[in-house]
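Source file: final12.cif (mmCIF, C-alpha atoms and all ligand atoms)
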data_query
loop_
_atom_site.label_atom_id
_atom_site.label_comp_id
_atom_site.auth_asym_id
_atom_site.auth_seq_id
_atom_site.Cartn_x
_atom_site.Cartn_y
_atom_site.Cartn_z
CA MET W 780 -5.69 38.08 -6.94
CA GLU W 781 -3.85 38.89 -10.10
CA THR W 782 -5.33 37.12 -13.14
CA LEU W 783 -2.95 35.03 -15.18
CA THR W 784 -2.56 36.00 -18.82
CA LYS W 785 -4.59 33.75 -21.07
CA ILE W 786 -2.78 31.10 -23.07
CA TRP W 787 -4.70 30.39 -26.28
CA LEU W 788 -5.02 27.09 -28.09
CA SER W 789 -3.96 28.46 -31.47
CA SER W 790 -4.01 32.17 -32.18
CA PRO W 791 -3.05 34.17 -35.30
CA HIS W 792 0.63 35.01 -35.66
CA MET W 793 1.45 37.80 -38.08
CA GLY W 794 4.86 38.23 -39.70
CA SER W 795 6.35 41.51 -40.84
CA ASN W 796 5.02 42.03 -44.39
CA GLU W 797 1.28 41.31 -44.11
CA LYS W 798 0.48 44.99 -43.46
CA ARG W 799 2.56 46.10 -46.41
CA PHE W 800 0.53 43.90 -48.81
CA VAL W 801 -2.75 45.07 -47.26
CA GLU W 802 -1.72 48.73 -47.51
CA GLU W 803 -0.82 48.12 -51.14
CA ALA W 804 -4.41 46.97 -51.72
CA PHE W 805 -5.68 50.23 -50.18
CA ARG W 806 -3.18 52.39 -52.08
CA THR W 807 -4.19 50.87 -55.41
CA ASN W 808 -7.91 50.59 -54.48
CA TRP W 809 -7.99 46.84 -55.11
CA ILE W 810 -10.65 46.31 -52.39
CA ALA W 811 -12.40 43.50 -54.25
CA PRO W 812 -12.58 39.71 -54.54
CA LEU W 813 -9.88 39.82 -57.19
CA GLY W 814 -6.60 41.66 -57.73
CA PRO W 815 -2.82 41.34 -57.53
CA ASN W 816 -2.78 39.99 -53.95
CA VAL W 817 -5.15 37.16 -54.88
CA THR W 818 -2.98 36.25 -57.87
CA GLY W 819 0.23 36.68 -55.85
CA PHE W 820 -1.09 34.57 -52.97
CA GLU W 821 -2.14 31.78 -55.34
CA LYS W 822 1.27 31.85 -57.01
CA ALA W 823 3.08 31.68 -53.66
CA ILE W 824 1.05 28.58 -52.65
CA GLU W 825 1.62 26.95 -56.06
CA GLU W 826 5.38 27.47 -55.72
CA TYR W 827 5.36 26.15 -52.17
CA LEU W 828 3.38 22.99 -52.96
CA GLY W 829 5.15 22.38 -56.27
CA ASN W 830 4.20 19.29 -58.29
CA GLY W 831 2.37 21.25 -60.98
CA THR W 832 -0.41 22.39 -58.66
CA HIS W 833 -2.91 25.11 -59.53
CA VAL W 834 -4.56 27.05 -56.72
CA ALA W 835 -7.83 28.98 -56.49
CA ALA W 836 -8.04 31.27 -53.43
CA LEU W 837 -11.53 31.18 -51.91
CA SER W 838 -13.49 32.66 -49.02
CA SER W 839 -13.10 29.58 -46.79
CA GLY W 840 -11.98 25.97 -46.63
CA THR W 841 -15.63 24.98 -46.39
CA ALA W 842 -16.35 26.78 -49.67
CA ALA W 843 -13.39 24.96 -51.24
CA ILE W 844 -14.80 21.57 -50.15
CA HIS W 845 -18.22 22.53 -51.51
CA LEU W 846 -16.80 23.50 -54.92
CA GLY W 847 -14.41 20.54 -54.88
CA LEU W 848 -17.28 18.08 -54.46
CA LYS W 849 -19.17 19.86 -57.24
CA LEU W 850 -16.14 19.47 -59.53
CA LEU W 851 -16.16 15.75 -58.69
CA ASN W 852 -19.79 15.69 -59.88
CA VAL W 853 -21.30 14.92 -56.49
CA GLY W 854 -25.04 15.63 -56.66
CA PRO W 855 -28.45 14.82 -55.18
CA GLY W 856 -28.79 11.24 -53.91
CA ASP W 857 -25.07 10.46 -54.14
CA GLU W 858 -23.04 8.94 -51.33
CA VAL W 859 -19.64 10.26 -50.24
CA LEU W 860 -17.31 8.30 -47.93
CA CYS W 861 -15.96 10.72 -45.34
CA GLN W 862 -13.49 10.37 -42.48
CA SER W 863 -15.56 10.45 -39.29
CA PHE W 864 -12.79 11.81 -37.04
CA THR W 865 -12.68 15.42 -38.27
CA PHE W 866 -14.16 18.89 -37.98
CA SER W 867 -17.76 19.17 -39.24
CA ALA W 868 -16.65 21.36 -42.17
CA SER W 869 -15.26 18.22 -43.88
CA ALA W 870 -18.73 16.68 -44.04
CA ASN W 871 -21.24 19.54 -44.13
CA PRO W 872 -20.70 20.48 -47.82
CA ILE W 873 -21.72 16.93 -48.86
CA THR W 874 -25.20 17.77 -47.61
CA TYR W 875 -25.25 21.17 -49.39
CA LEU W 876 -25.29 19.15 -52.63
CA GLY W 877 -28.13 16.88 -51.54
CA ALA W 878 -25.69 13.99 -51.15
CA ARG W 879 -25.22 11.82 -48.07
CA PRO W 880 -22.05 11.30 -46.03
CA ILE W 881 -21.14 7.77 -44.98
CA PHE W 882 -18.60 7.84 -42.19
CA ILE W 883 -15.38 5.83 -41.94
CA ASP W 884 -13.47 5.35 -38.70
CA SER W 885 -9.75 5.93 -38.10
CA GLU W 886 -6.69 3.76 -37.51
CA LEU W 887 -4.30 4.34 -34.61
CA GLU W 888 -1.03 5.07 -36.48
CA THR W 889 -2.13 8.43 -37.91
CA TRP W 890 -5.61 8.85 -36.34
CA ASN W 891 -6.92 9.23 -39.90
CA MET W 892 -9.12 7.16 -42.25
CA SER W 893 -8.66 3.41 -41.86
CA PRO W 894 -7.83 1.78 -45.22
CA GLU W 895 -9.44 -1.48 -44.05
CA LEU W 896 -12.73 0.15 -43.10
CA LEU W 897 -12.67 2.24 -46.27
CA GLU W 898 -12.40 -0.85 -48.48
CA MET W 899 -15.02 -2.66 -46.42
CA ALA W 900 -17.40 0.27 -46.91
CA ILE W 901 -16.79 0.41 -50.67
CA LEU W 902 -17.41 -3.33 -51.07
CA GLN W 903 -20.57 -3.15 -48.99
CA ARG W 904 -21.93 -0.17 -50.95
CA LEU W 905 -21.08 -1.82 -54.28
CA GLU W 906 -22.97 -4.90 -53.14
CA GLU W 907 -25.97 -2.65 -52.53
CA GLY W 908 -25.54 -1.39 -56.08
CA ARG W 909 -24.49 2.07 -54.90
CA LYS W 910 -21.04 3.19 -55.97
CA PRO W 911 -19.74 5.99 -53.72
CA LYS W 912 -19.14 9.19 -55.70
CA ALA W 913 -16.07 10.40 -53.78
CA ILE W 914 -13.87 9.89 -50.73
CA ILE W 915 -12.95 12.69 -48.30
CA ALA W 916 -9.75 11.88 -46.40
CA VAL W 917 -8.32 14.29 -43.81
CA HIS W 918 -4.78 14.96 -42.54
CA LEU W 919 -6.03 15.62 -39.02
CA TYR W 920 -3.98 17.88 -36.75
CA GLY W 921 -1.40 18.01 -39.55
CA MET W 922 -0.60 14.28 -39.49
CA PRO W 923 -0.76 12.85 -43.02
CA TYR W 924 -3.25 10.05 -43.55
CA LYS W 925 -1.95 6.79 -45.06
CA VAL W 926 -1.71 8.38 -48.50
CA GLY W 927 -0.28 5.33 -50.30
CA GLU W 928 -2.92 2.89 -49.09
CA ILE W 929 -5.92 5.23 -49.25
CA HIS W 930 -5.13 6.40 -52.79
CA ALA W 931 -4.45 2.82 -53.96
CA ILE W 932 -7.99 1.94 -52.82
CA GLY W 933 -9.42 5.00 -54.57
CA GLN W 934 -7.67 3.93 -57.75
CA LYS W 935 -8.65 0.26 -57.45
CA TYR W 936 -12.35 1.14 -57.30
CA ASP W 937 -12.07 4.25 -59.49
CA ILE W 938 -13.40 6.65 -56.85
CA PRO W 939 -11.89 10.18 -56.74
CA ILE W 940 -10.39 11.54 -53.51
CA LEU W 941 -10.93 14.97 -52.05
CA GLU W 942 -7.91 15.59 -49.81
CA ASP W 943 -8.86 17.76 -46.83
CA SER W 944 -5.53 19.41 -46.06
CA ALA W 945 -7.08 22.27 -44.06
CA GLU W 946 -4.91 21.45 -41.04
CA ALA W 947 -1.85 20.17 -42.91
CA LEU W 948 -0.21 22.96 -44.91
CA GLY W 949 3.51 22.33 -44.43
CA SER W 950 3.15 18.60 -43.74
CA THR W 951 4.64 16.04 -46.11
CA TRP W 952 4.19 12.37 -47.01
CA ALA W 953 7.17 10.63 -48.68
CA GLY W 954 8.75 14.07 -49.07
CA GLN W 955 5.80 15.48 -51.01
CA HIS W 956 3.53 18.22 -49.70
CA CYS W 957 0.10 17.48 -48.31
CA GLY W 958 -2.35 19.24 -50.59
CA THR W 959 -0.87 17.64 -53.73
CA PHE W 960 -2.29 14.11 -53.50
CA GLY W 961 -6.04 14.38 -54.07
CA ASP W 962 -7.94 14.75 -57.33
CA ILE W 963 -8.88 17.92 -55.49
CA ALA W 964 -7.22 19.20 -52.31
CA VAL W 965 -8.40 21.85 -49.91
CA LEU W 966 -6.58 24.32 -47.64
CA SER W 967 -7.94 26.61 -44.91
CA PHE W 968 -6.65 29.96 -43.68
CA ASN W 969 -9.11 30.37 -40.84
CA GLY W 970 -7.90 32.31 -37.80
CA ASN W 971 -6.72 29.24 -35.87
CA LYS W 972 -4.89 27.46 -38.70
CA ILE W 973 -1.11 27.30 -39.18
CA ILE W 974 -1.24 30.45 -41.32
CA THR W 975 -4.28 32.66 -41.63
CA THR W 976 -6.00 35.33 -43.71
CA SER W 977 -8.51 35.78 -40.84
CA GLY W 978 -10.90 33.73 -42.96
CA GLY W 979 -10.09 32.02 -46.22
CA GLY W 980 -9.38 28.82 -48.05
CA ALA W 981 -8.09 27.38 -51.30
CA LEU W 982 -8.86 24.67 -53.79
CA VAL W 983 -5.82 22.87 -55.22
CA SER W 984 -5.65 20.70 -58.34
CA LYS W 985 -3.02 19.57 -60.82
CA ASP W 986 -5.63 20.06 -63.53
CA ILE W 987 -5.75 23.73 -64.57
CA ASN W 988 -9.26 23.24 -65.92
CA LYS W 989 -10.43 22.36 -62.41
CA LYS W 990 -8.91 25.56 -61.04
CA GLU W 991 -10.55 27.61 -63.77
CA LYS W 992 -13.90 25.94 -63.21
CA ALA W 993 -13.58 26.58 -59.46
CA VAL W 994 -12.92 30.29 -60.07
CA PHE W 995 -15.86 30.40 -62.51
CA LEU W 996 -18.24 28.82 -59.97
CA ALA W 997 -16.84 31.00 -57.16
CA THR W 998 -17.67 34.19 -59.08
CA GLN W 999 -21.37 33.51 -59.79
CA ALA W 1000 -20.79 31.34 -62.87
CA ARG W 1001 -20.84 34.26 -65.24
CA ASP W 1002 -20.75 33.35 -68.95
CA ASN W 1003 -18.48 35.21 -71.34
CA ALA W 1004 -20.82 38.02 -72.47
CA PRO W 1005 -20.95 41.84 -72.14
CA HIS W 1006 -24.14 41.57 -70.03
CA TYR W 1007 -24.62 39.31 -67.03
CA GLN W 1008 -25.49 35.90 -68.41
CA HIS W 1009 -25.64 32.59 -66.49
CA SER W 1010 -26.06 29.02 -67.70
CA GLU W 1011 -25.19 27.49 -64.33
CA ILE W 1012 -25.81 28.19 -60.63
CA GLY W 1013 -22.83 30.00 -59.14
CA HIS W 1014 -21.51 31.05 -55.75
CA ASN W 1015 -19.85 34.10 -54.21
CA TYR W 1016 -16.81 32.27 -52.86
CA ARG W 1017 -13.76 34.18 -54.11
CA MET W 1018 -11.14 35.50 -51.65
CA SER W 1019 -10.92 39.26 -51.03
CA ASN W 1020 -7.80 41.01 -52.35
CA VAL W 1021 -7.38 42.66 -48.92
CA LEU W 1022 -7.27 39.31 -47.11
CA ALA W 1023 -5.06 37.74 -49.77
CA GLY W 1024 -2.54 40.44 -48.81
CA ILE W 1025 -2.37 38.92 -45.33
CA GLY W 1026 -1.90 35.53 -46.99
CA ARG W 1027 1.07 36.73 -49.05
CA GLY W 1028 2.82 37.91 -45.89
CA GLN W 1029 1.97 34.67 -44.11
CA MET W 1030 3.43 32.52 -46.91
CA GLU W 1031 6.80 34.21 -46.31
CA VAL W 1032 6.86 32.86 -42.74
CA LEU W 1033 5.11 29.50 -43.22
CA ASP W 1034 8.25 27.41 -42.75
CA GLU W 1035 9.07 29.27 -39.51
CA ARG W 1036 5.52 28.63 -38.29
CA VAL W 1037 5.88 24.90 -38.98
CA GLU W 1038 9.20 24.82 -37.10
CA ALA W 1039 7.71 26.65 -34.12
CA ARG W 1040 4.70 24.30 -33.90
CA ARG W 1041 6.98 21.28 -34.12
CA ARG W 1042 9.13 22.76 -31.33
CA ASN W 1043 6.02 23.08 -29.14
CA TYR W 1044 5.25 19.41 -29.71
CA SER W 1045 8.83 18.37 -28.92
CA TYR W 1046 8.79 20.41 -25.74
CA TYR W 1047 5.56 18.81 -24.50
CA HIS W 1048 6.81 15.39 -25.56
CA ASP W 1049 10.14 15.76 -23.71
CA GLU W 1050 8.54 17.25 -20.59
CA LEU W 1051 5.59 14.90 -20.28
CA SER W 1052 6.20 11.58 -21.99
CA GLY W 1053 7.69 10.08 -18.79
CA ILE W 1054 4.34 10.31 -17.05
CA THR W 1055 2.53 6.97 -16.91
CA GLY W 1056 -0.85 6.80 -18.58
CA LEU W 1057 -0.01 9.58 -21.01
CA SER W 1058 0.92 9.14 -24.67
CA PHE W 1059 1.60 11.08 -27.86
CA LEU W 1060 1.16 10.35 -31.57
CA PRO W 1061 4.61 9.74 -33.07
CA GLU W 1062 5.28 10.39 -36.77
CA PRO W 1063 5.14 7.13 -38.73
CA LYS W 1064 8.10 6.55 -41.07
CA GLY W 1065 7.98 8.76 -44.16
CA MET W 1066 5.55 11.22 -42.59
CA PHE W 1067 6.27 14.79 -41.52
CA SER W 1068 3.56 16.57 -39.52
CA ASN W 1069 3.31 20.35 -39.19
CA ARG W 1070 2.03 19.55 -35.64
CA TRP W 1071 -0.74 22.10 -36.11
CA LEU W 1072 -2.03 21.13 -32.69
CA SER W 1073 -0.05 19.20 -30.06
CA CYS W 1074 -2.31 16.36 -28.96
CA LEU W 1075 -1.97 13.76 -26.25
CA LEU W 1076 -3.95 10.85 -24.86
CA PHE W 1077 -4.72 9.99 -21.25
CA ASP W 1078 -5.71 6.69 -19.67
CA SER W 1079 -9.31 7.70 -19.25
CA TYR W 1080 -11.94 10.32 -19.83
CA ALA W 1081 -11.83 11.20 -16.12
CA VAL W 1082 -8.12 12.08 -16.15
CA ARG W 1083 -8.51 14.01 -19.41
CA GLU W 1084 -11.28 16.08 -17.90
CA LYS W 1085 -9.34 16.64 -14.68
CA VAL W 1086 -6.41 18.00 -16.71
CA ARG W 1087 -8.64 20.15 -18.90
CA ALA W 1088 -10.29 21.68 -15.81
CA ALA W 1089 -6.92 22.30 -14.14
CA LEU W 1090 -5.63 24.09 -17.23
CA LEU W 1091 -8.81 26.17 -17.45
CA ASP W 1092 -8.35 27.19 -13.80
CA GLU W 1093 -4.95 28.59 -14.78
CA ASN W 1094 -6.47 30.45 -17.76
CA ILE W 1095 -4.98 27.98 -20.23
CA GLU W 1096 -7.14 26.97 -23.18
CA SER W 1097 -7.14 23.30 -24.19
CA ARG W 1098 -9.70 21.24 -26.11
CA PRO W 1099 -10.84 17.62 -26.38
CA LEU W 1100 -9.97 15.97 -29.72
CA TRP W 1101 -12.64 16.34 -32.44
CA LYS W 1102 -15.92 14.61 -31.70
CA PRO W 1103 -16.38 12.07 -34.52
CA MET W 1104 -19.10 12.86 -37.05
CA HIS W 1105 -20.91 9.54 -36.56
CA LEU W 1106 -21.50 10.57 -32.92
CA GLN W 1107 -22.86 14.01 -33.79
CA PRO W 1108 -26.62 14.41 -33.30
CA VAL W 1109 -26.94 15.88 -36.80
CA PHE W 1110 -25.41 12.78 -38.43
CA GLU W 1111 -26.49 10.03 -36.03
CA LYS W 1112 -28.78 8.38 -38.62
CA ASN W 1113 -26.04 8.21 -41.28
CA THR W 1114 -24.45 4.91 -42.20
CA ALA W 1115 -21.03 4.51 -40.57
CA PHE W 1116 -18.25 1.94 -40.72
CA VAL W 1117 -16.70 2.23 -37.28
CA ASP W 1118 -14.77 0.13 -34.79
CA GLY W 1119 -14.59 2.44 -31.76
CA THR W 1120 -11.18 3.95 -32.58
CA SER W 1121 -12.17 7.60 -33.01
CA GLU W 1122 -14.69 7.38 -30.18
CA ALA W 1123 -11.90 6.32 -27.79
CA LEU W 1124 -9.60 9.08 -29.10
CA PHE W 1125 -12.37 11.61 -28.52
CA HIS W 1126 -12.88 10.47 -24.94
CA ARG W 1127 -9.22 10.31 -23.96
CA GLY W 1128 -7.52 12.98 -26.06
CA LEU W 1129 -6.66 16.62 -25.47
CA CYS W 1130 -5.18 19.39 -27.64
CA LEU W 1131 -2.73 21.61 -25.78
CA PRO W 1132 -1.91 25.26 -26.55
CA SER W 1133 -0.05 25.03 -29.86
CA GLY W 1134 0.32 28.49 -31.40
CA SER W 1135 3.59 29.41 -33.12
CA ASN W 1136 3.57 32.57 -30.98
CA LEU W 1137 3.69 30.82 -27.58
CA SER W 1138 6.63 31.81 -25.38
CA PRO W 1139 8.84 29.33 -23.50
CA ILE W 1140 7.14 30.61 -20.33
CA ASP W 1141 3.69 29.78 -21.75
CA LEU W 1142 4.83 26.26 -22.62
CA GLU W 1143 6.38 25.75 -19.20
CA ARG W 1144 3.28 27.03 -17.41
CA THR W 1145 1.13 24.61 -19.43
CA ALA W 1146 3.38 21.60 -18.86
CA GLN W 1147 3.76 22.29 -15.12
CA THR W 1148 0.00 22.74 -14.64
CA LEU W 1149 -0.63 19.48 -16.47
CA LYS W 1150 1.98 17.61 -14.42
CA LYS W 1151 0.51 18.85 -11.16
CA ALA W 1152 -2.98 17.80 -12.26
CA VAL W 1153 -2.04 14.20 -13.06
CA GLN W 1154 0.23 13.65 -10.04
C1 LIG Q 1 -10.72 24.34 -40.62
C2 LIG Q 1 -11.13 23.09 -41.29
C3 LIG Q 1 -11.96 23.09 -42.41
C4 LIG Q 1 -12.72 24.29 -42.90
O1 LIG Q 1 -12.04 25.42 -43.14
P1 LIG Q 1 -12.72 26.88 -42.96
O2 LIG Q 1 -11.73 27.74 -43.66
O3 LIG Q 1 -12.82 27.13 -41.50
O4 LIG Q 1 -14.04 26.86 -43.65
C5 LIG Q 1 -12.20 21.90 -43.07
N1 LIG Q 1 -11.67 20.75 -42.63
C6 LIG Q 1 -10.89 20.69 -41.54
C7 LIG Q 1 -10.31 19.39 -41.13
C8 LIG Q 1 -10.60 21.86 -40.82
O5 LIG Q 1 -9.86 21.79 -39.72
#

Serialized structure, structure tokens:
Amino acid sequence: METLTKIWLSSPHMGSNEKRFVEEAFRTNWIAPLGPNVTGFEKAIEEYLGNGTHVAALSSGTAAIHLGLKLLNVGPGDEVLCQSFTFSASANPITYLGARPIFIDSELETWNMSPELLEMAILQRLEEGRKPKAIIAVHLYGMPYKVGEIHAIGQKYDIPILEDSAEALGSTWAGQHCGTFGDIAVLSFNGNKIITTSGGGALVSKDINKKEKAVFLATQARDNAPHYQHSEIGHNYRMSNVLAGIGRGQMEVLDERVEARRRNYSYYHDELSGITGLSFLPEPKGMFSNRWLSCLLFDSYAVREKVRAALLDENIESRPLWKPMHLQPVFEKNTAFVDGTSEALFHRGLCLPSGSNLSPIDLERTAQTLKKAVQ
């Protein structure tokens, strides 16, 4: 039997100029974690996001979260309130600093951090005499979190927000780009994200001093001296000039990538939303999602698993929604403010193939396989 070509969940999609920027790095011998591509990539992101943002290109989104928390003075013994429904990279860096994540469940309109549970957690921690040091809110799957409400709570209790925008480059809330709302924001250019540098990330801030401090910490915290002198512990977290070349090419096609991912979502929505027991996550008013991954919910875990297995049989990659952090063995002893929302999403939800490079035939094969499985 002939094997069907594999349909990936979210694979890299190069444009036409990435190679040119990379070759330029070779031609000029800028094969280092600094150089014109790094500067050019940062400038392209700053222009795209607007709003007076400053960007530091780093080796990964995880590194950006680590440095971001450091810049918010998170340290040993501190508590950080973190969205539970996310990828582990949102929470892991809290522990690198000797601090402890406290997990907050989601609401159903955006699948992101619940403002009610967030405020409940803050009040409870304050009662215990422990003021949380920071909040990590995530625009999961590209859907903005409730920016207005979450940031009003941060302001009310004077707790800074680290905005995890790793999945949301190209999304907007009230017409303003995700990645511009937090005291610090974070982007990722990992291989499966909406644009990629194979591996990479960025720290975003409106405060140029924060960008400069991030670059300082990302390059081993070297003091200004002719010899190597250090007054602080540093990291090796800067982005390579070779990879930043890929990023410059990818920034030129970012808007096309967002359009293509949104078209995938619309296709699935139009083809499948008539099926009973199946639902999508619509965009709340004022929100624009890059639809990084097209997600849908089934009636039950059993149907979800039946569909996932049927897709796999046809060589189509799909994936359950993120397993919440408060259900992860590594975090099961952590305090959590939860109401079952993200647990239910995890059990019933599935991400469909969502790459910007999928063909109409790929989309049709996926939708038809899914339909057959549920009928
Ligand atoms: C991908 C991702 C990260 C981490 O980014 P890397 O570049 O892979 O380190 C952080 N948070 C979320 C929500 C992500 O999806």

Might you pull out every residue within 12 Å of His1126 of chain W, with all atoms listed in the file counted and same-chain residues fewer than 4 positions away left off, and present them as a ChimeraX atom specification?
-> /W:1075-1084,1098-1103,1106,1119-1122

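Taking only C-alpha atoms into account, Ala900 of chain W lies nearest to W:Cys861 out of the set W:Ile1095, W:Cys861, W:Ala1039, W:Ala835.
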
Determine, using all atoms listed in the file, which residues of chain W have any atom at most 8 Å from an atom of ligand LIG 1 (chain Q), and tabulate each with its shortest atom pair and distance in Å to one decimal place, rows ordered by chain and then rising number, as a Markdown table.
| residue | atom | partner | partner_atom | distance |
| --- | --- | --- | --- | --- |
| W:Ser838 | CA | Q:LIG1 | O2 | 7.5 |
| W:Ser839 | CA | Q:LIG1 | O2 | 3.9 |
| W:Gly840 | CA | Q:LIG1 | O2 | 3.5 |
| W:Thr841 | CA | Q:LIG1 | O4 | 3.7 |
| W:Ala842 | CA | Q:LIG1 | O4 | 6.4 |
| W:Ala843 | CA | Q:LIG1 | O4 | 7.9 |
| W:Ile844 | CA | Q:LIG1 | C5 | 7.5 |
| W:Thr865 | CA | Q:LIG1 | C7 | 5.4 |
| W:Phe866 | CA | Q:LIG1 | C7 | 5.0 |
| W:Ser867 | CA | Q:LIG1 | N1 | 7.1 |
| W:Ala868 | CA | Q:LIG1 | C5 | 4.6 |
| W:Ser869 | CA | Q:LIG1 | N1 | 4.6 |
| W:Val917 | CA | Q:LIG1 | C7 | 6.1 |
| W:His918 | CA | Q:LIG1 | C7 | 7.2 |
| W:Leu919 | CA | Q:LIG1 | C7 | 6.1 |
| W:Tyr920 | CA | Q:LIG1 | O5 | 7.7 |
| W:Asp943 | CA | Q:LIG1 | N1 | 5.9 |
| W:Ser944 | CA | Q:LIG1 | C7 | 6.9 |
| W:Ala945 | CA | Q:LIG1 | C8 | 4.8 |
| W:Glu946 | CA | Q:LIG1 | O5 | 5.1 |
| W:Val965 | CA | Q:LIG1 | C5 | 7.8 |
| W:Leu966 | CA | Q:LIG1 | O1 | 7.2 |
| W:Ser967 | CA | Q:LIG1 | O2 | 4.1 |
| W:Phe968 | CA | Q:LIG1 | O2 | 5.5 |
| W:Asn969 | CA | Q:LIG1 | O2 | 4.7 |
| W:Asn971 | CA | Q:LIG1 | C1 | 7.9 |
| W:Lys972 | CA | Q:LIG1 | C1 | 6.9 |
| W:Gly978 | CA | Q:LIG1 | O2 | 6.1 |
| W:Gly979 | CA | Q:LIG1 | O2 | 5.2 |
| W:Gly980 | CA | Q:LIG1 | O2 | 5.1 |

Residues from the last selection, C-alpha atoms, saved as a CSV table (one decimal), keeping the file's coordinate frame:
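In the end it all went to out21.csv:
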chain,number,residue,atom,x,y,z
W,838,SER,CA,-13.5,32.7,-49.0
W,839,SER,CA,-13.1,29.6,-46.8
W,840,GLY,CA,-12.0,26.0,-46.6
W,841,THR,CA,-15.6,25.0,-46.4
W,842,ALA,CA,-16.4,26.8,-49.7
W,843,ALA,CA,-13.4,25.0,-51.2
W,844,ILE,CA,-14.8,21.6,-50.2
W,865,THR,CA,-12.7,15.4,-38.3
W,866,PHE,CA,-14.2,18.9,-38.0
W,867,SER,CA,-17.8,19.2,-39.2
W,868,ALA,CA,-16.6,21.4,-42.2
W,869,SER,CA,-15.3,18.2,-43.9
W,917,VAL,CA,-8.3,14.3,-43.8
W,918,HIS,CA,-4.8,15.0,-42.5
W,919,LEU,CA,-6.0,15.6,-39.0
W,920,TYR,CA,-4.0,17.9,-36.8
W,943,ASP,CA,-8.9,17.8,-46.8
W,944,SER,CA,-5.5,19.4,-46.1
W,945,ALA,CA,-7.1,22.3,-44.1
W,946,GLU,CA,-4.9,21.4,-41.0
W,965,VAL,CA,-8.4,21.8,-49.9
W,966,LEU,CA,-6.6,24.3,-47.6
W,967,SER,CA,-7.9,26.6,-44.9
W,968,PHE,CA,-6.6,30.0,-43.7
W,969,ASN,CA,-9.1,30.4,-40.8
W,971,ASN,CA,-6.7,29.2,-35.9
W,972,LYS,CA,-4.9,27.5,-38.7
W,978,GLY,CA,-10.9,33.7,-43.0
W,979,GLY,CA,-10.1,32.0,-46.2
W,980,GLY,CA,-9.4,28.8,-48.0

Counting only C-alpha atoms, what is within 8 Å of Ile873 of chain W, bar same-chain residues fewer than 3 positions away, as a VMD selection string?
-> chain W and resid 845 848 853 859 870 876 to 880

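Nearest-residue note for Val834 of chain W: choosing from W:Asp986, W:Glu1143, W:Glu906, W:Asp1049, the minimum distance belongs to W:Asp986, counting only C-alpha atoms.
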
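Using only C-alpha atoms, the nearest neighbour of Lys925 of chain W within the list W:Val994, W:Met1066, W:Ile901, W:Val1021 is W:Met1066.
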
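Take atom CA of Lys992 of chain W and atom CA of Glu821 of chain W: the distance between them is 15.3 Å.
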
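Atom to atom, atom CA of His1006 of chain W and atom CA of Lys989 of chain W stand 24.8 Å apart.
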
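Around Tyr924 of chain W, within 10 Å and counting all atoms listed in the file, the residues found are Ser885, Glu886, Glu888, Thr889, Trp890, Asn891, Met892, Ser893, Pro894, Ala916, Val917, His918, Glu942, Ser944, Trp952, Cys957 and Met1066 of chain W, once anything fewer than 6 positions away on its own chain is removed.
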
Select, from W:Lys1085, W:Arg1127, W:His833, W:Arg909, the residue with the minimum atom-to-atom distance to Glu858 of chain W, counting only C-alpha atoms.
-> W:Arg909

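Interatomic distance, atom CA of Gly794 of chain W to atom CA of Pro815 of chain W: 19.7 Å.
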
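Of the listed residues (W:Ala1152, W:Ile810, W:Ala1115, W:Leu1091), W:Leu1091 comes nearest to Ile786 of chain W; the distances count all atoms listed in the file.
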
Filled-in N, CA, C and O atoms of segment 887-893 of chain W, supplied as an mmCIF file, in the frame of the given file:
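What ended up in rebuild-v4.cif:
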data_model
loop_
_atom_site.group_PDB
_atom_site.id
_atom_site.type_symbol
_atom_site.label_atom_id
_atom_site.label_comp_id
_atom_site.auth_asym_id
_atom_site.auth_seq_id
_atom_site.Cartn_x
_atom_site.Cartn_y
_atom_site.Cartn_z
ATOM 1 N N LEU W 887 -5.013 3.731 -35.737
ATOM 2 C CA LEU W 887 -4.300 4.340 -34.610
ATOM 3 C C LEU W 887 -2.908 4.890 -34.949
ATOM 4 O O LEU W 887 -2.310 5.579 -34.132
ATOM 5 N N GLU W 888 -2.385 4.600 -36.168
ATOM 6 C CA GLU W 888 -1.030 5.070 -36.480
ATOM 7 C C GLU W 888 -0.989 6.536 -36.896
ATOM 8 O O GLU W 888 0.018 7.222 -36.707
ATOM 9 N N THR W 889 -2.079 7.018 -37.501
ATOM 10 C CA THR W 889 -2.130 8.430 -37.910
ATOM 11 C C THR W 889 -3.373 9.139 -37.375
ATOM 12 O O THR W 889 -3.513 10.336 -37.544
ATOM 13 N N TRP W 890 -4.301 8.378 -36.800
ATOM 14 C CA TRP W 890 -5.610 8.850 -36.340
ATOM 15 C C TRP W 890 -6.521 9.214 -37.511
ATOM 16 O O TRP W 890 -7.585 9.812 -37.321
ATOM 17 N N ASN W 891 -6.120 8.877 -38.722
ATOM 18 C CA ASN W 891 -6.920 9.230 -39.900
ATOM 19 C C ASN W 891 -7.607 7.992 -40.487
ATOM 20 O O ASN W 891 -7.523 6.898 -39.925
ATOM 21 N N MET W 892 -8.281 8.188 -41.627
ATOM 22 C CA MET W 892 -9.120 7.160 -42.250
ATOM 23 C C MET W 892 -8.458 5.786 -42.310
ATOM 24 O O MET W 892 -7.329 5.660 -42.786
ATOM 25 N N SER W 893 -9.164 4.778 -41.832
ATOM 26 C CA SER W 893 -8.660 3.410 -41.860
ATOM 27 C C SER W 893 -8.826 2.821 -43.259
ATOM 28 O O SER W 893 -9.950 2.738 -43.760
#
